[in-house]
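Participant: Here it is, the structure, as structure tokens.
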Amino acid sequence: MSDPFSQLTETKPAGASAVFDKLLETLRAQKDFHRLFDATLMRKKHELGLPLMRPTTLDDVPSDKRTEFEKTYVESAREVGQLFLHARQIANAWLYFLTIREPEPVAKALAAMPLRRDSGDETD
């Protein structure tokens, strides 16, 4: 099996959409959720004809495209937050839910956790 970069390069002739599809698929499979968030927003910026260098910033999004970009931003943050919750990485999930002002999923995950006396990743 070829490395992920080679796979993306091989997808290039099919167009940018295919490259982004493969990139998102690879990042999900690798559970690289922070980069998945960035790549999802990069894809949206590409679709909107905007610069790709800073995918998560709203600074370069003109007002006529802001609502559409913000919708993707919120949906992607929600998805990545849920992926982190499923991976039991609550602190990472919190970063995304806090950003979109939706603390409820993290609160529910914390409430569902059994109390532990030992310190560990789940309780820290």
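Chain lettering (A, B, ...) mirrors the order of the structure tokens, residue numbering begins at 1 for each chain separately, and ligand numbering begins at 1 in order of display.
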Using only C-alpha atoms, which protein or nucleic acid residues come within 12 Å of A:His86? Drop anything in the same chain fewer than 2 positions from it, and give the result as an MDAnalysis selection string.
Facilitator: chainID A and resid 31 33 79:84 88:90 92:93 105:106 109 122
Participant: Residues at most 12 Å from A:Ala107, counting only C-alpha atoms, excluding those fewer than 6 positions away in the same chain, as a tab-separated table (two decimals) with N, CA and C atoms, in the first residue's frame?
Facilitator:
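Final output, out_4.tsv:
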chain	number	residue	atom	x	y	z
A	85	LEU	N	-15.16	12.76	21.41
A	85	LEU	CA	-15.92	12.16	22.51
A	85	LEU	C	-15.97	10.64	22.36
A	90	ILE	N	-11.99	13.76	25.98
A	90	ILE	CA	-12.93	14.82	26.34
A	90	ILE	C	-12.30	16.20	26.26
A	91	ALA	N	-11.06	16.34	26.68
A	91	ALA	CA	-10.40	17.65	26.62
A	91	ALA	C	-10.32	18.16	25.19
A	93	ALA	N	-12.31	17.23	22.72
A	93	ALA	CA	-13.69	17.50	22.30
A	93	ALA	C	-14.14	18.87	22.81
A	94	TRP	N	-13.76	19.18	24.04
A	94	TRP	CA	-14.16	20.45	24.65
A	94	TRP	C	-13.68	21.64	23.82
A	97	PHE	N	-16.34	22.05	21.03
A	97	PHE	CA	-17.67	22.43	21.50
A	97	PHE	C	-17.66	23.80	22.17
A	98	LEU	N	-16.58	24.13	22.84
A	98	LEU	CA	-16.47	25.46	23.44
A	98	LEU	C	-16.45	26.54	22.36
A	113	MET	N	-19.57	9.42	32.76
A	113	MET	CA	-18.34	8.73	33.15
A	113	MET	C	-18.44	8.23	34.57
Participant: If you measure from atom CA of A:Gly15 to atom CA of A:Ser76, what distance in Å do you get, rounded to one decimal?
Facilitator: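 Calculated distance between atom CA of A:Gly15 and atom CA of A:Ser76 is 22.4 Å.
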Participant: When you look at A:Lys71 with a cut-off of 12 Å (counting only C-alpha atoms), what residues show up, excluding the ones that are within fewer than 3 positions of it in the same chain? I need them as an MDAnalysis selection string.
Facilitator: chainID A and resid 40:41 44 58 65:68 74:78 100
Participant: Could the residues in this selection be saved with all heavy atoms as a short mmCIF file (atom, residue, chain, number, x, y, z; two decimals), in the first residue's frame?
Facilitator:
data_model
loop_
_atom_site.label_atom_id
_atom_site.label_comp_id
_atom_site.auth_asym_id
_atom_site.auth_seq_id
_atom_site.Cartn_x
_atom_site.Cartn_y
_atom_site.Cartn_z
N THR A 40 -11.36 19.99 6.37
CA THR A 40 -12.75 20.24 6.01
C THR A 40 -12.96 21.72 5.70
O THR A 40 -13.62 22.08 4.72
CB THR A 40 -13.69 19.80 7.15
OG1 THR A 40 -13.49 18.40 7.38
CG2 THR A 40 -15.15 20.04 6.78
N LEU A 41 -12.37 22.58 6.51
CA LEU A 41 -12.51 24.02 6.27
C LEU A 41 -11.70 24.46 5.05
O LEU A 41 -12.13 25.35 4.32
CB LEU A 41 -12.12 24.80 7.52
CG LEU A 41 -13.04 24.54 8.72
CD1 LEU A 41 -12.58 25.32 9.93
CD2 LEU A 41 -14.48 24.85 8.39
N LYS A 44 -13.82 23.75 2.10
CA LYS A 44 -14.88 24.74 1.93
C LYS A 44 -14.32 26.03 1.36
O LYS A 44 -14.92 26.65 0.48
CB LYS A 44 -15.59 25.00 3.28
CG LYS A 44 -16.80 25.89 3.13
CD LYS A 44 -17.82 25.19 2.23
CE LYS A 44 -19.10 25.93 2.09
NZ LYS A 44 -20.03 25.24 1.19
N LEU A 58 -11.58 33.22 9.93
CA LEU A 58 -12.68 33.91 9.25
C LEU A 58 -12.22 35.24 8.67
O LEU A 58 -12.97 35.89 7.95
CB LEU A 58 -13.82 34.16 10.25
CG LEU A 58 -14.54 32.90 10.71
CD1 LEU A 58 -15.19 33.11 12.07
CD2 LEU A 58 -15.56 32.50 9.69
N LYS A 65 -19.91 35.53 1.81
CA LYS A 65 -19.66 34.10 1.89
C LYS A 65 -19.54 33.62 3.34
O LYS A 65 -19.40 32.44 3.60
CB LYS A 65 -18.38 33.75 1.13
CG LYS A 65 -18.50 34.04 -0.35
CD LYS A 65 -17.22 33.74 -1.09
CE LYS A 65 -17.41 34.07 -2.57
NZ LYS A 65 -16.23 33.80 -3.36
N ARG A 66 -19.63 34.56 4.26
CA ARG A 66 -19.40 34.25 5.67
C ARG A 66 -20.42 33.26 6.24
O ARG A 66 -20.05 32.32 6.93
CB ARG A 66 -19.38 35.53 6.51
CG ARG A 66 -18.96 35.27 7.95
CD ARG A 66 -18.70 36.57 8.66
NE ARG A 66 -17.45 37.16 8.22
CZ ARG A 66 -16.34 37.17 8.93
NH1 ARG A 66 -16.33 36.64 10.12
NH2 ARG A 66 -15.25 37.72 8.46
N THR A 67 -21.69 33.45 5.96
CA THR A 67 -22.73 32.58 6.52
C THR A 67 -22.50 31.13 6.07
O THR A 67 -22.58 30.21 6.89
CB THR A 67 -24.13 33.05 6.09
OG1 THR A 67 -24.31 34.38 6.59
CG2 THR A 67 -25.21 32.15 6.64
N GLU A 68 -22.21 30.94 4.81
CA GLU A 68 -21.97 29.59 4.29
C GLU A 68 -20.73 28.96 4.93
O GLU A 68 -20.74 27.79 5.32
CB GLU A 68 -21.81 29.64 2.77
CG GLU A 68 -21.71 28.29 2.12
CD GLU A 68 -21.65 28.36 0.60
OE1 GLU A 68 -21.83 29.45 0.02
OE2 GLU A 68 -21.41 27.30 0.01
N VAL A 74 -19.18 25.35 11.95
CA VAL A 74 -19.93 24.81 13.09
C VAL A 74 -20.17 23.30 12.91
O VAL A 74 -19.98 22.52 13.84
CB VAL A 74 -21.26 25.57 13.29
CG1 VAL A 74 -22.16 24.86 14.30
CG2 VAL A 74 -20.98 27.00 13.74
N GLU A 75 -20.59 22.90 11.71
CA GLU A 75 -20.83 21.48 11.45
C GLU A 75 -19.56 20.66 11.63
O GLU A 75 -19.60 19.56 12.20
CB GLU A 75 -21.39 21.28 10.05
CG GLU A 75 -22.80 21.79 9.87
CD GLU A 75 -23.26 21.81 8.42
OE1 GLU A 75 -22.44 21.55 7.50
OE2 GLU A 75 -24.45 22.12 8.19
N SER A 76 -18.44 21.18 11.15
CA SER A 76 -17.18 20.46 11.27
C SER A 76 -16.71 20.39 12.72
O SER A 76 -16.24 19.35 13.19
CB SER A 76 -16.11 21.14 10.40
OG SER A 76 -14.91 20.43 10.48
N ALA A 77 -16.86 21.49 13.46
CA ALA A 77 -16.49 21.49 14.88
C ALA A 77 -17.34 20.48 15.65
O ALA A 77 -16.84 19.76 16.51
CB ALA A 77 -16.64 22.89 15.46
N ARG A 78 -18.61 20.43 15.33
CA ARG A 78 -19.53 19.48 15.99
C ARG A 78 -19.11 18.04 15.66
O ARG A 78 -19.05 17.18 16.54
CB ARG A 78 -20.95 19.75 15.51
CG ARG A 78 -22.02 19.12 16.36
CD ARG A 78 -23.41 19.53 15.89
NE ARG A 78 -23.68 20.93 16.22
CZ ARG A 78 -24.16 21.83 15.36
NH1 ARG A 78 -24.44 21.50 14.11
NH2 ARG A 78 -24.39 23.07 15.75
N ILE A 100 -17.83 26.57 19.47
CA ILE A 100 -19.15 26.80 18.87
C ILE A 100 -20.23 27.01 19.94
O ILE A 100 -21.43 27.02 19.62
CB ILE A 100 -19.53 25.67 17.89
CG1 ILE A 100 -19.59 24.31 18.58
CG2 ILE A 100 -18.58 25.66 16.70
CD1 ILE A 100 -20.15 23.20 17.71
#
Participant: When distances are computed from only C-alpha atoms, which of A:Arg43, A:Asp64, A:Asp32, A:Phe37 shows the smallest separation from A:Phe20?
Facilitator: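 Among the listed residues, A:Arg43 lies closest to A:Phe20.
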Participant: Could you tell me, as an NGL selection string, which residues of stretch 64-113 of chain A DSSP assigns to helix (DSSP H, G or I) when given the backbone?
Facilitator: :A and (64-86 or 90-99 or 104-112)
Participant: Contacts of A:Lys45 at 9 Å or less, counting only C-alpha atoms, minus same-chain residues fewer than 4 places along, as a list in words?
Facilitator: Thr40, Leu41, Gly49, Leu50, Pro51, Leu52, Pro55, Val61 and Phe69 of chain A
Participant: Between atom CA of A:Thr26 and atom CA of A:Thr57, what distance in Å does the model show, to one decimal?
Facilitator: 23.1 Å
Participant: Of the candidates A:Thr56, A:Ala112, A:Ser63, A:Arg101, which shows the shortest atom-to-atom distance to A:His34, using only C-alpha atoms?
Facilitator: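 Smallest separation from A:His34 among the options: A:Thr56.
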Participant: Considering only C-alpha atoms, return as a PyMOL selection string whatever protein or nucleic-acid residues lie within 9 Å of A:Leu24, sequence-local ones (same chain, fewer than 6 positions apart) excluded.
Facilitator: chain A and resi 35-36+39-40
Participant: Could you write those residues out with N, CA and C atoms, as a tab-separated table (two decimals), in the first residue's frame?
Facilitator:
chain	number	residue	atom	x	y	z
A	35	ARG	N	-6.56	17.69	12.29
A	35	ARG	CA	-6.29	17.97	10.87
A	35	ARG	C	-7.53	17.75	10.02
A	36	LEU	N	-8.40	16.85	10.44
A	36	LEU	CA	-9.66	16.65	9.74
A	36	LEU	C	-10.48	17.94	9.76
A	39	ALA	N	-8.77	20.37	7.35
A	39	ALA	CA	-8.96	19.97	5.96
A	39	ALA	C	-10.39	20.20	5.49
A	40	THR	N	-11.36	19.99	6.37
A	40	THR	CA	-12.75	20.24	6.01
A	40	THR	C	-12.96	21.72	5.70
Participant: For the atom pair atom CA of A:Met42 and atom CA of A:Thr72, what is the interatomic distance in Å to one decimal place?
Facilitator: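 Distance reported for this atom pair: 10.4 Å.
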